[in-house]
>>> print(open('final_32.cif').read())   # mmCIF, C-alpha atoms and all ligand atoms; chains and numbers go by the auth columns
data_data
#
loop_
_atom_site.group_PDB
_atom_site.id
_atom_site.type_symbol
_atom_site.label_atom_id
_atom_site.label_comp_id
_atom_site.label_asym_id
_atom_site.label_seq_id
_atom_site.Cartn_x
_atom_site.Cartn_y
_atom_site.Cartn_z
_atom_site.B_iso_or_equiv
_atom_site.auth_seq_id
_atom_site.auth_asym_id
ATOM 1 C CA MET A 1 -12.406 11.209 61.285 0.00 4 A
ATOM 2 C CA LYS A 2 -8.882 10.317 60.301 0.00 5 A
ATOM 3 C CA PHE A 3 -6.608 10.229 57.271 0.00 6 A
ATOM 4 C CA ARG A 4 -4.966 6.964 56.443 0.00 7 A
ATOM 5 C CA GLU A 5 -3.122 5.660 53.438 0.00 8 A
ATOM 6 C CA PHE A 6 -5.014 3.718 50.795 0.00 9 A
ATOM 7 C CA THR A 7 -4.419 -0.029 50.767 0.00 10 A
ATOM 8 C CA LEU A 8 -5.539 -2.551 48.172 0.00 11 A
ATOM 9 C CA ASN A 9 -8.142 -3.813 50.686 0.00 12 A
ATOM 10 C CA ASP A 10 -9.916 -0.496 50.077 0.00 13 A
ATOM 11 C CA TYR A 11 -10.131 -1.100 46.344 0.00 14 A
ATOM 12 C CA GLU A 12 -13.876 -1.904 46.079 0.00 15 A
ATOM 13 C CA SER A 13 -14.943 0.839 48.506 0.00 16 A
ATOM 14 C CA VAL A 14 -12.871 3.461 46.755 0.00 17 A
ATOM 15 C CA ILE A 15 -14.072 2.470 43.279 0.00 18 A
ATOM 16 C CA ASP A 16 -17.674 2.667 44.578 0.00 19 A
ATOM 17 C CA LEU A 17 -16.968 6.102 46.046 0.00 20 A
ATOM 18 C CA TRP A 18 -15.420 7.387 42.806 0.00 21 A
ATOM 19 C CA LYS A 19 -18.434 6.119 40.851 0.00 22 A
ATOM 20 C CA LEU A 20 -20.917 7.634 43.338 0.00 23 A
ATOM 21 C CA ALA A 21 -19.090 10.958 43.082 0.00 24 A
ATOM 22 C CA GLY A 22 -19.376 10.806 39.295 0.00 25 A
ATOM 23 C CA LEU A 23 -15.698 10.512 38.407 0.00 26 A
ATOM 24 C CA LYS A 24 -14.699 9.091 35.044 0.00 27 A
ATOM 25 C CA LEU A 25 -12.701 5.920 35.596 0.00 28 A
ATOM 26 C CA SER A 26 -10.280 4.473 33.085 0.00 29 A
ATOM 27 C CA ARG A 27 -8.396 1.273 32.426 0.00 30 A
ATOM 28 C CA SER A 28 -5.743 2.545 34.866 0.00 31 A
ATOM 29 C CA ASP A 29 -8.229 2.166 37.706 0.00 32 A
ATOM 30 C CA THR A 30 -8.284 -1.621 37.729 0.00 33 A
ATOM 31 C CA TYR A 31 -7.053 -3.444 40.829 0.00 34 A
ATOM 32 C CA GLU A 32 -3.753 -4.100 39.021 0.00 35 A
ATOM 33 C CA GLY A 33 -3.533 -0.457 37.940 0.00 36 A
ATOM 34 C CA LEU A 34 -3.863 0.818 41.494 0.00 37 A
ATOM 35 C CA LYS A 35 -1.393 -1.810 42.690 0.00 38 A
ATOM 36 C CA VAL A 36 1.176 -0.361 40.279 0.00 39 A
ATOM 37 C CA LYS A 37 0.319 3.192 41.368 0.00 40 A
ATOM 38 C CA LEU A 38 0.842 2.216 45.033 0.00 41 A
ATOM 39 C CA LYS A 39 4.468 1.376 44.305 0.00 42 A
ATOM 40 C CA ARG A 40 5.020 5.133 43.954 0.00 43 A
ATOM 41 C CA ASP A 41 4.071 7.722 46.547 0.00 44 A
ATOM 42 C CA PRO A 42 1.889 5.454 48.695 0.00 45 A
ATOM 43 C CA ASP A 43 1.737 8.260 51.280 0.00 46 A
ATOM 44 C CA LEU A 44 0.139 10.626 48.736 0.00 47 A
ATOM 45 C CA PHE A 45 -2.746 8.256 48.035 0.00 48 A
ATOM 46 C CA PHE A 46 -4.960 8.453 51.102 0.00 49 A
ATOM 47 C CA VAL A 47 -8.506 8.227 52.342 0.00 50 A
ATOM 48 C CA LEU A 48 -10.534 9.990 54.987 0.00 51 A
ATOM 49 C CA GLU A 49 -12.297 7.528 57.208 0.00 52 A
ATOM 50 C CA GLU A 50 -15.117 7.886 59.686 0.00 53 A
ATOM 51 C CA GLN A 51 -15.973 4.877 61.857 0.00 54 A
ATOM 52 C CA ASN A 52 -14.307 2.496 59.400 0.00 55 A
ATOM 53 C CA ARG A 53 -16.212 3.989 56.476 0.00 56 A
ATOM 54 C CA ILE A 54 -14.277 5.684 53.662 0.00 57 A
ATOM 55 C CA ILE A 55 -15.906 9.048 53.036 0.00 58 A
ATOM 56 C CA ALA A 56 -13.293 10.737 50.856 0.00 59 A
ATOM 57 C CA VAL A 57 -10.221 9.866 48.839 0.00 60 A
ATOM 58 C CA VAL A 58 -7.464 11.457 46.812 0.00 61 A
ATOM 59 C CA MET A 59 -4.719 10.019 44.653 0.00 62 A
ATOM 60 C CA GLY A 60 -1.702 12.300 44.749 0.00 63 A
ATOM 61 C CA SER A 61 1.529 11.731 42.825 0.00 64 A
ATOM 62 C CA PHE A 62 4.877 13.475 42.729 0.00 65 A
ATOM 63 C CA ASP A 63 6.762 13.246 39.435 0.00 66 A
ATOM 64 C CA GLY A 64 9.920 14.737 40.926 0.00 67 A
ATOM 65 C CA ARG A 65 8.964 18.231 39.831 0.00 68 A
ATOM 66 C CA ARG A 66 5.202 18.711 40.217 0.00 69 A
ATOM 67 C CA GLY A 67 2.587 17.303 42.502 0.00 70 A
ATOM 68 C CA TRP A 68 -0.473 15.934 40.728 0.00 71 A
ATOM 69 C CA ILE A 69 -3.941 15.637 42.181 0.00 72 A
ATOM 70 C CA ASN A 70 -6.105 12.860 40.796 0.00 73 A
ATOM 71 C CA HIS A 71 -9.484 11.389 41.600 0.00 74 A
ATOM 72 C CA LEU A 72 -10.360 13.659 44.518 0.00 75 A
ATOM 73 C CA ALA A 73 -13.801 12.655 45.723 0.00 76 A
ATOM 74 C CA VAL A 74 -15.954 13.190 48.778 0.00 77 A
ATOM 75 C CA HIS A 75 -18.929 10.882 49.349 0.00 78 A
ATOM 76 C CA PRO A 76 -22.081 12.769 48.232 0.00 79 A
ATOM 77 C CA GLU A 77 -23.566 12.518 51.766 0.00 80 A
ATOM 78 C CA TYR A 78 -20.520 14.345 53.125 0.00 81 A
ATOM 79 C CA GLN A 79 -20.032 16.989 50.454 0.00 82 A
ATOM 80 C CA GLY A 80 -20.195 20.642 51.481 0.00 83 A
ATOM 81 C CA LYS A 81 -18.690 19.979 54.926 0.00 84 A
ATOM 82 C CA LYS A 82 -15.185 21.233 54.086 0.00 85 A
ATOM 83 C CA LEU A 83 -13.771 17.733 53.701 0.00 86 A
ATOM 84 C CA GLY A 84 -12.555 18.464 50.177 0.00 87 A
ATOM 85 C CA GLN A 85 -10.753 21.494 51.558 0.00 88 A
ATOM 86 C CA GLN A 86 -9.196 19.420 54.377 0.00 89 A
ATOM 87 C CA ILE A 87 -7.949 16.858 51.870 0.00 90 A
ATOM 88 C CA ILE A 88 -6.320 19.504 49.695 0.00 91 A
ATOM 89 C CA ASP A 89 -4.677 21.016 52.811 0.00 92 A
ATOM 90 C CA GLU A 90 -3.384 17.620 53.903 0.00 93 A
ATOM 91 C CA LEU A 91 -2.096 16.780 50.436 0.00 94 A
ATOM 92 C CA GLN A 92 -0.398 20.172 50.193 0.00 95 A
ATOM 93 C CA ARG A 93 1.268 19.524 53.565 0.00 96 A
ATOM 94 C CA ARG A 94 2.524 16.141 52.323 0.00 97 A
ATOM 95 C CA PHE A 95 3.760 17.614 49.020 0.00 98 A
ATOM 96 C CA LYS A 96 5.607 20.377 50.849 0.00 99 A
ATOM 97 C CA LYS A 97 7.284 17.862 53.142 0.00 100 A
ATOM 98 C CA ILE A 98 8.863 16.137 50.128 0.00 101 A
ATOM 99 C CA GLY A 99 10.002 19.374 48.488 0.00 102 A
ATOM 100 C CA CYS A 100 7.243 19.705 45.928 0.00 103 A
ATOM 101 C CA GLU A 101 6.689 23.367 45.024 0.00 104 A
ATOM 102 C CA LYS A 102 3.628 23.247 42.799 0.00 105 A
ATOM 103 C CA MET A 103 0.418 21.267 42.600 0.00 106 A
ATOM 104 C CA ASN A 104 -1.372 20.620 39.296 0.00 107 A
ATOM 105 C CA LEU A 105 -4.680 19.070 38.398 0.00 108 A
ATOM 106 C CA LEU A 106 -6.924 18.573 35.406 0.00 109 A
ATOM 107 C CA ILE A 107 -10.695 19.014 35.289 0.00 110 A
ATOM 108 C CA GLU A 108 -12.938 17.233 32.802 0.00 111 A
ATOM 109 C CA LEU A 109 -14.892 19.796 30.754 0.00 112 A
ATOM 110 C CA SER A 110 -18.074 18.021 31.812 0.00 113 A
ATOM 111 C CA ASN A 111 -17.163 18.891 35.436 0.00 114 A
ATOM 112 C CA GLU A 112 -16.134 22.516 34.906 0.00 115 A
ATOM 113 C CA ASN A 113 -18.224 23.780 37.856 0.00 116 A
ATOM 114 C CA VAL A 114 -15.712 22.247 40.229 0.00 117 A
ATOM 115 C CA GLN A 115 -13.267 24.940 39.128 0.00 118 A
ATOM 116 C CA SER A 116 -14.651 27.307 41.781 0.00 119 A
ATOM 117 C CA PHE A 117 -13.938 24.720 44.500 0.00 120 A
ATOM 118 C CA TYR A 118 -10.272 24.699 43.463 0.00 121 A
ATOM 119 C CA GLU A 119 -10.157 28.494 43.145 0.00 122 A
ATOM 120 C CA LYS A 120 -11.268 28.671 46.784 0.00 123 A
ATOM 121 C CA GLN A 121 -8.271 26.479 47.632 0.00 124 A
ATOM 122 C CA GLY A 122 -5.952 28.963 45.896 0.00 125 A
ATOM 123 C CA PHE A 123 -5.606 27.307 42.480 0.00 126 A
ATOM 124 C CA LYS A 124 -5.584 29.400 39.303 0.00 127 A
ATOM 125 C CA LYS A 125 -6.773 28.327 35.880 0.00 128 A
ATOM 126 C CA HIS A 126 -4.014 27.983 33.292 0.00 129 A
ATOM 127 C CA ASP A 127 -5.178 27.501 29.721 0.00 130 A
ATOM 128 C CA LEU A 128 -3.173 24.998 27.771 0.00 131 A
ATOM 129 C CA ILE A 129 -3.714 22.098 25.453 0.00 132 A
ATOM 130 C CA PHE A 130 -3.777 18.726 27.106 0.00 133 A
ATOM 131 C CA MET A 131 -2.757 15.852 24.846 0.00 134 A
ATOM 132 C CA GLU A 132 -2.703 12.187 25.623 0.00 135 A
ATOM 133 C CA LYS A 133 -1.939 8.825 24.094 0.00 136 A
ATOM 134 C CA TRP A 134 -2.766 5.440 25.531 0.00 137 A
ATOM 135 C CA ILE A 135 0.096 3.002 25.077 0.00 138 A
ATOM 136 C CA THR A 136 -1.102 -0.324 23.691 0.00 139 A
HETATM 137 C C1 LIG B . -15.319 18.683 44.535 0.00 1 B
HETATM 138 C C2 LIG B . -15.376 18.055 45.914 0.00 1 B
HETATM 139 C C3 LIG B . -14.150 17.188 46.136 0.00 1 B
HETATM 140 C C4 LIG B . -15.429 19.158 46.961 0.00 1 B
HETATM 141 O O1 LIG B . -15.461 18.590 48.248 0.00 1 B
HETATM 142 P P1 LIG B . -16.456 19.171 49.366 0.00 1 B
HETATM 143 O O2 LIG B . -16.080 18.551 50.656 0.00 1 B
HETATM 144 O O3 LIG B . -17.848 18.977 48.903 0.00 1 B
HETATM 145 O O4 LIG B . -16.102 20.726 49.328 0.00 1 B
HETATM 146 P P2 LIG B . -15.846 21.703 50.580 0.00 1 B
HETATM 147 O O5 LIG B . -16.997 21.569 51.528 0.00 1 B
HETATM 148 O O6 LIG B . -14.486 21.485 51.132 0.00 1 B
HETATM 149 O O7 LIG B . -15.953 23.090 49.807 0.00 1 B
HETATM 150 C C5 LIG B . -15.055 24.141 49.958 0.00 1 B
HETATM 151 C C6 LIG B . -15.631 25.322 49.159 0.00 1 B
HETATM 152 O O8 LIG B . -15.772 24.980 47.759 0.00 1 B
HETATM 153 C C7 LIG B . -17.139 25.108 47.336 0.00 1 B
HETATM 154 N N1 LIG B . -17.462 23.963 46.473 0.00 1 B
HETATM 155 C C8 LIG B . -17.410 22.674 46.808 0.00 1 B
HETATM 156 N N2 LIG B . -17.763 21.893 45.766 0.00 1 B
HETATM 157 C C9 LIG B . -18.056 22.715 44.763 0.00 1 B
HETATM 158 C C10 LIG B . -18.471 22.492 43.433 0.00 1 B
HETATM 159 N N3 LIG B . -18.668 21.262 42.912 0.00 1 B
HETATM 160 N N4 LIG B . -18.665 23.580 42.657 0.00 1 B
HETATM 161 C C11 LIG B . -18.478 24.822 43.154 0.00 1 B
HETATM 162 N N5 LIG B . -18.074 25.089 44.422 0.00 1 B
HETATM 163 C C12 LIG B . -17.863 24.039 45.210 0.00 1 B
HETATM 164 C C13 LIG B . -17.951 25.061 48.619 0.00 1 B
HETATM 165 O O9 LIG B . -19.179 25.740 48.462 0.00 1 B
HETATM 166 C C14 LIG B . -17.025 25.729 49.618 0.00 1 B
HETATM 167 O O10 LIG B . -17.126 27.136 49.474 0.00 1 B
HETATM 168 P P3 LIG B . -16.986 28.141 50.751 0.00 1 B
HETATM 169 O O11 LIG B . -15.573 27.920 51.276 0.00 1 B
HETATM 170 O O12 LIG B . -17.200 29.472 50.163 0.00 1 B
HETATM 171 O O13 LIG B . -18.034 27.703 51.720 0.00 1 B
HETATM 172 C C15 LIG B . -16.653 17.174 46.087 0.00 1 B
HETATM 173 O O14 LIG B . -17.789 17.976 45.899 0.00 1 B
HETATM 174 C C16 LIG B . -16.726 16.003 45.146 0.00 1 B
HETATM 175 O O15 LIG B . -16.291 14.900 45.507 0.00 1 B
HETATM 176 N N6 LIG B . -17.270 16.192 43.932 0.00 1 B
HETATM 177 C C17 LIG B . -17.461 15.094 42.975 0.00 1 B
HETATM 178 C C18 LIG B . -16.142 14.581 42.434 0.00 1 B
HETATM 179 C C19 LIG B . -15.310 15.659 41.752 0.00 1 B
HETATM 180 O O16 LIG B . -15.805 16.451 40.970 0.00 1 B
HETATM 181 N N7 LIG B . -13.989 15.670 42.063 0.00 1 B
HETATM 182 C C20 LIG B . -13.049 16.604 41.484 0.00 1 B
HETATM 183 C C21 LIG B . -12.439 16.045 40.256 0.00 1 B
HETATM 184 S S1 LIG B . -11.349 17.223 39.461 0.00 1 B
#
>>> encode(input="final_32.cif", output="structure tokens", more="lines below")
Ligand SMILES: CC(C)(COP(=O)(O)OP(=O)(O)OC[C@H]1O[C@@H](n2cnc3c(N)ncnc32)[C@H](O)[C@@H]1OP(=O)(O)O)[C@@H](O)C(=O)NCCC(=O)NCCS
Amino acid sequence: MKFREFTLNDYESVIDLWKLAGLKLSRSDTYEGLKVKLKRDPDLFFVLEEQNRIIAVVMGSFDGRRGWINHLAVHPEYQGKKLGQQIIDELQRRFKKIGCEKMNLLIELSNENVQSFYEKQGFKKHDLIFMEKWIT
């Protein structure tokens, strides 16, 4: 098993993995959207591969102040084998290397059970109001 950075050749496999893992995708997850994302922090967007098969992925970003964790997913056949934990550890190592002091993430209310996974990785819940606006 090895970590390697996401490339646009992985697009279909990664979209399939996100869908299999039940993540909500948005208009930002088109091929063009991920191409734009790759222009920033390409080293924070990586996959875990076993024998040329992508079995996990995470899209990290650094906004210059905080590190953000997006779209973490482990293939259902590989869940519960500490791969999620290994990905968080690797991402934390990469954030630290670039001077990032704090990692943030958001959980969909429909996926609230995953909170205990993050708590086991040392994250704490912080209640606040998340607001958003799509720019058209
Ligand atoms: C959440 C996810 C990334 C965890 O990856 P994983 O490889 O299955 O988890 P790990 O094996 O590293 O688990 C580490 C610990 O968290 C616990 N855990 C894992 N997934 C959990 C979940 N969904 N709910 C509660 N606890 C969970 C494990 O039991 C384990 O506990 P232990 O250390 O006491 O044994 C993976 O289950 C997944 O892809 N889920 C679907 C997509 C998703 O919800 N992504 C997160 C979006 S915010």
>>> closest_atom_pairs(input="final_32.cif", of="chain A", to="ligand LIG 1 (chain B)", cutoff="8 Å", atoms="all atoms listed in the file", output="JSON lines")
{"residue": "A:Trp21", "atom": "CA", "partner": "B:LIG1", "partner_atom": "C18", "distance": 7.2}
{"residue": "A:Ala24", "atom": "CA", "partner": "B:LIG1", "partner_atom": "C17", "distance": 4.4}
{"residue": "A:Gly25", "atom": "CA", "partner": "B:LIG1", "partner_atom": "C18", "distance": 5.9}
{"residue": "A:Leu26", "atom": "CA", "partner": "B:LIG1", "partner_atom": "C18", "distance": 5.7}
{"residue": "A:Ala59", "atom": "CA", "partner": "B:LIG1", "partner_atom": "O15", "distance": 7.4}
{"residue": "A:Asn73", "atom": "CA", "partner": "B:LIG1", "partner_atom": "S1", "distance": 7.0}
{"residue": "A:His74", "atom": "CA", "partner": "B:LIG1", "partner_atom": "C21", "distance": 5.7}
{"residue": "A:Leu75", "atom": "CA", "partner": "B:LIG1", "partner_atom": "N7", "distance": 4.8}
{"residue": "A:Ala76", "atom": "CA", "partner": "B:LIG1", "partner_atom": "O15", "distance": 3.4}
{"residue": "A:Val77", "atom": "CA", "partner": "B:LIG1", "partner_atom": "O15", "distance": 3.7}
{"residue": "A:His78", "atom": "CA", "partner": "B:LIG1", "partner_atom": "O15", "distance": 6.2}
{"residue": "A:Pro79", "atom": "CA", "partner": "B:LIG1", "partner_atom": "O15", "distance": 6.7}
{"residue": "A:Tyr81", "atom": "CA", "partner": "B:LIG1", "partner_atom": "O2", "distance": 6.6}
{"residue": "A:Gln82", "atom": "CA", "partner": "B:LIG1", "partner_atom": "O3", "distance": 3.3}
{"residue": "A:Gly83", "atom": "CA", "partner": "B:LIG1", "partner_atom": "O5", "distance": 3.3}
{"residue": "A:Lys84", "atom": "CA", "partner": "B:LIG1", "partner_atom": "O5", "distance": 4.1}
{"residue": "A:Lys85", "atom": "CA", "partner": "B:LIG1", "partner_atom": "O6", "distance": 3.0}
{"residue": "A:Leu86", "atom": "CA", "partner": "B:LIG1", "partner_atom": "O2", "distance": 3.9}
{"residue": "A:Gly87", "atom": "CA", "partner": "B:LIG1", "partner_atom": "O1", "distance": 3.5}
{"residue": "A:Gln88", "atom": "CA", "partner": "B:LIG1", "partner_atom": "O6", "distance": 3.8}
{"residue": "A:Gln89", "atom": "CA", "partner": "B:LIG1", "partner_atom": "O6", "distance": 6.5}
{"residue": "A:Leu108", "atom": "CA", "partner": "B:LIG1", "partner_atom": "S1", "distance": 7.0}
{"residue": "A:Leu109", "atom": "CA", "partner": "B:LIG1", "partner_atom": "S1", "distance": 6.2}
{"residue": "A:Ile110", "atom": "CA", "partner": "B:LIG1", "partner_atom": "S1", "distance": 4.6}
{"residue": "A:Glu111", "atom": "CA", "partner": "B:LIG1", "partner_atom": "S1", "distance": 6.8}
{"residue": "A:Asn114", "atom": "CA", "partner": "B:LIG1", "partner_atom": "O16", "distance": 6.2}
{"residue": "A:Asn116", "atom": "CA", "partner": "B:LIG1", "partner_atom": "N4", "distance": 4.8}
{"residue": "A:Val117", "atom": "CA", "partner": "B:LIG1", "partner_atom": "N4", "distance": 4.0}
{"residue": "A:Gln118", "atom": "CA", "partner": "B:LIG1", "partner_atom": "C11", "distance": 6.6}
{"residue": "A:Ser119", "atom": "CA", "partner": "B:LIG1", "partner_atom": "C11", "distance": 4.8}
{"residue": "A:Phe120", "atom": "CA", "partner": "B:LIG1", "partner_atom": "O8", "distance": 3.7}
{"residue": "A:Tyr121", "atom": "CA", "partner": "B:LIG1", "partner_atom": "O8", "distance": 7.0}
{"residue": "A:Lys123", "atom": "CA", "partner": "B:LIG1", "partner_atom": "O8", "distance": 5.9}
{"residue": "A:Gln124", "atom": "CA", "partner": "B:LIG1", "partner_atom": "C5", "distance": 7.5}
>>> closest_atom_pairs(input="final_32.cif", of="region 49-76 of chain A", to="region 17-20 of chain A", cutoff="12 Å", atoms="all atoms listed in the file", output="tab-separated table")
residue	atom	partner	partner_atom	distance
A:Phe49	CA	A:Val17	CA	10.3
A:Val50	CA	A:Val17	CA	8.5
A:Leu51	CA	A:Val17	CA	10.8
A:Glu52	CA	A:Val17	CA	11.2
A:Arg56	CA	A:Val17	CA	10.3
A:Ile57	CA	A:Val17	CA	7.4
A:Ile58	CA	A:Leu20	CA	7.7
A:Ala59	CA	A:Leu20	CA	7.6
A:Val60	CA	A:Val17	CA	7.2
A:Val61	CA	A:Val17	CA	9.7
A:Met62	CA	A:Val17	CA	10.7
A:His74	CA	A:Val17	CA	10.0
A:Leu75	CA	A:Leu20	CA	10.2
A:Ala76	CA	A:Leu20	CA	7.3
>>> atom_distance(input="final_32.cif", atom1="CA of Gly102 (chain A)", atom2="CA of Glu122 (chain A)")
22.8 Å
>>> axis_aligned_box(input="final_32.cif", around="region 96-103 of chain A", padding_each_side="3 Å", output="AutoDock Vina command-line options")
--center_x 5.6 --center_y 18.3 --center_z 49.7 --size_x 14.7 --size_y 10.2 --size_z 13.6
>>> atom_distance(input="final_32.cif", atom1="CA of Met106 (chain A)", atom2="CA of Thr139 (chain A)")
28.7 Å
>>> decode(input="final_32.cif", residues="region 22-33 of chain A", atoms="N, CA, C and O atoms", output="JSON list (two decimals), in the first residue's frame")
[["chain", "number", "residue", "atom", "x", "y", "z"],
["A", 22, "LYS", "N", -18.63, 8.02, -4.32],
["A", 22, "LYS", "CA", -20.06, 7.62, -4.40],
["A", 22, "LYS", "C", -20.29, 6.34, -3.60],
["A", 22, "LYS", "O", -21.25, 6.24, -2.85],
["A", 23, "LEU", "N", -19.40, 5.36, -3.77],
["A", 23, "LEU", "CA", -19.53, 4.09, -3.03],
["A", 23, "LEU", "C", -19.51, 4.32, -1.53],
["A", 23, "LEU", "O", -20.21, 3.65, -0.78],
["A", 24, "ALA", "N", -18.70, 5.28, -1.10],
["A", 24, "ALA", "CA", -18.57, 5.57, 0.33],
["A", 24, "ALA", "C", -19.72, 6.44, 0.84],
["A", 24, "ALA", "O", -19.81, 6.73, 2.04],
["A", 25, "GLY", "N", -20.58, 6.87, -0.09],
["A", 25, "GLY", "CA", -21.78, 7.62, 0.33],
["A", 25, "GLY", "C", -21.57, 9.11, 0.53],
["A", 25, "GLY", "O", -22.38, 9.76, 1.19],
["A", 26, "LEU", "N", -20.50, 9.65, -0.03],
["A", 26, "LEU", "CA", -20.28, 11.10, 0.14],
["A", 26, "LEU", "C", -21.20, 11.89, -0.79],
["A", 26, "LEU", "O", -21.52, 11.45, -1.88],
["A", 27, "LYS", "N", -21.58, 13.07, -0.31],
["A", 27, "LYS", "CA", -22.40, 13.97, -1.13],
["A", 27, "LYS", "C", -21.47, 14.73, -2.06],
["A", 27, "LYS", "O", -20.57, 15.43, -1.57],
["A", 28, "LEU", "N", -21.68, 14.62, -3.35],
["A", 28, "LEU", "CA", -20.82, 15.36, -4.28],
["A", 28, "LEU", "C", -21.55, 16.63, -4.73],
["A", 28, "LEU", "O", -22.77, 16.71, -4.62],
["A", 29, "SER", "N", -20.79, 17.60, -5.18],
["A", 29, "SER", "CA", -21.41, 18.86, -5.57],
["A", 29, "SER", "C", -20.88, 19.27, -6.94],
["A", 29, "SER", "O", -20.04, 18.59, -7.53],
["A", 30, "ARG", "N", -21.31, 20.41, -7.39],
["A", 30, "ARG", "CA", -20.87, 20.89, -8.71],
["A", 30, "ARG", "C", -19.37, 21.20, -8.71],
["A", 30, "ARG", "O", -18.77, 21.34, -9.77],
["A", 31, "SER", "N", -18.75, 21.27, -7.54],
["A", 31, "SER", "CA", -17.30, 21.50, -7.48],
["A", 31, "SER", "C", -16.52, 20.22, -7.76],
["A", 31, "SER", "O", -15.30, 20.25, -7.86],
["A", 32, "ASP", "N", -17.22, 19.10, -7.84],
["A", 32, "ASP", "CA", -16.53, 17.83, -8.02],
["A", 32, "ASP", "C", -16.50, 17.35, -9.47],
["A", 32, "ASP", "O", -16.24, 16.18, -9.73],
["A", 33, "THR", "N", -16.75, 18.27, -10.38],
["A", 33, "THR", "CA", -16.62, 17.92, -11.81],
["A", 33, "THR", "C", -15.12, 17.79, -12.11],
["A", 33, "THR", "O", -14.26, 18.21, -11.32]]
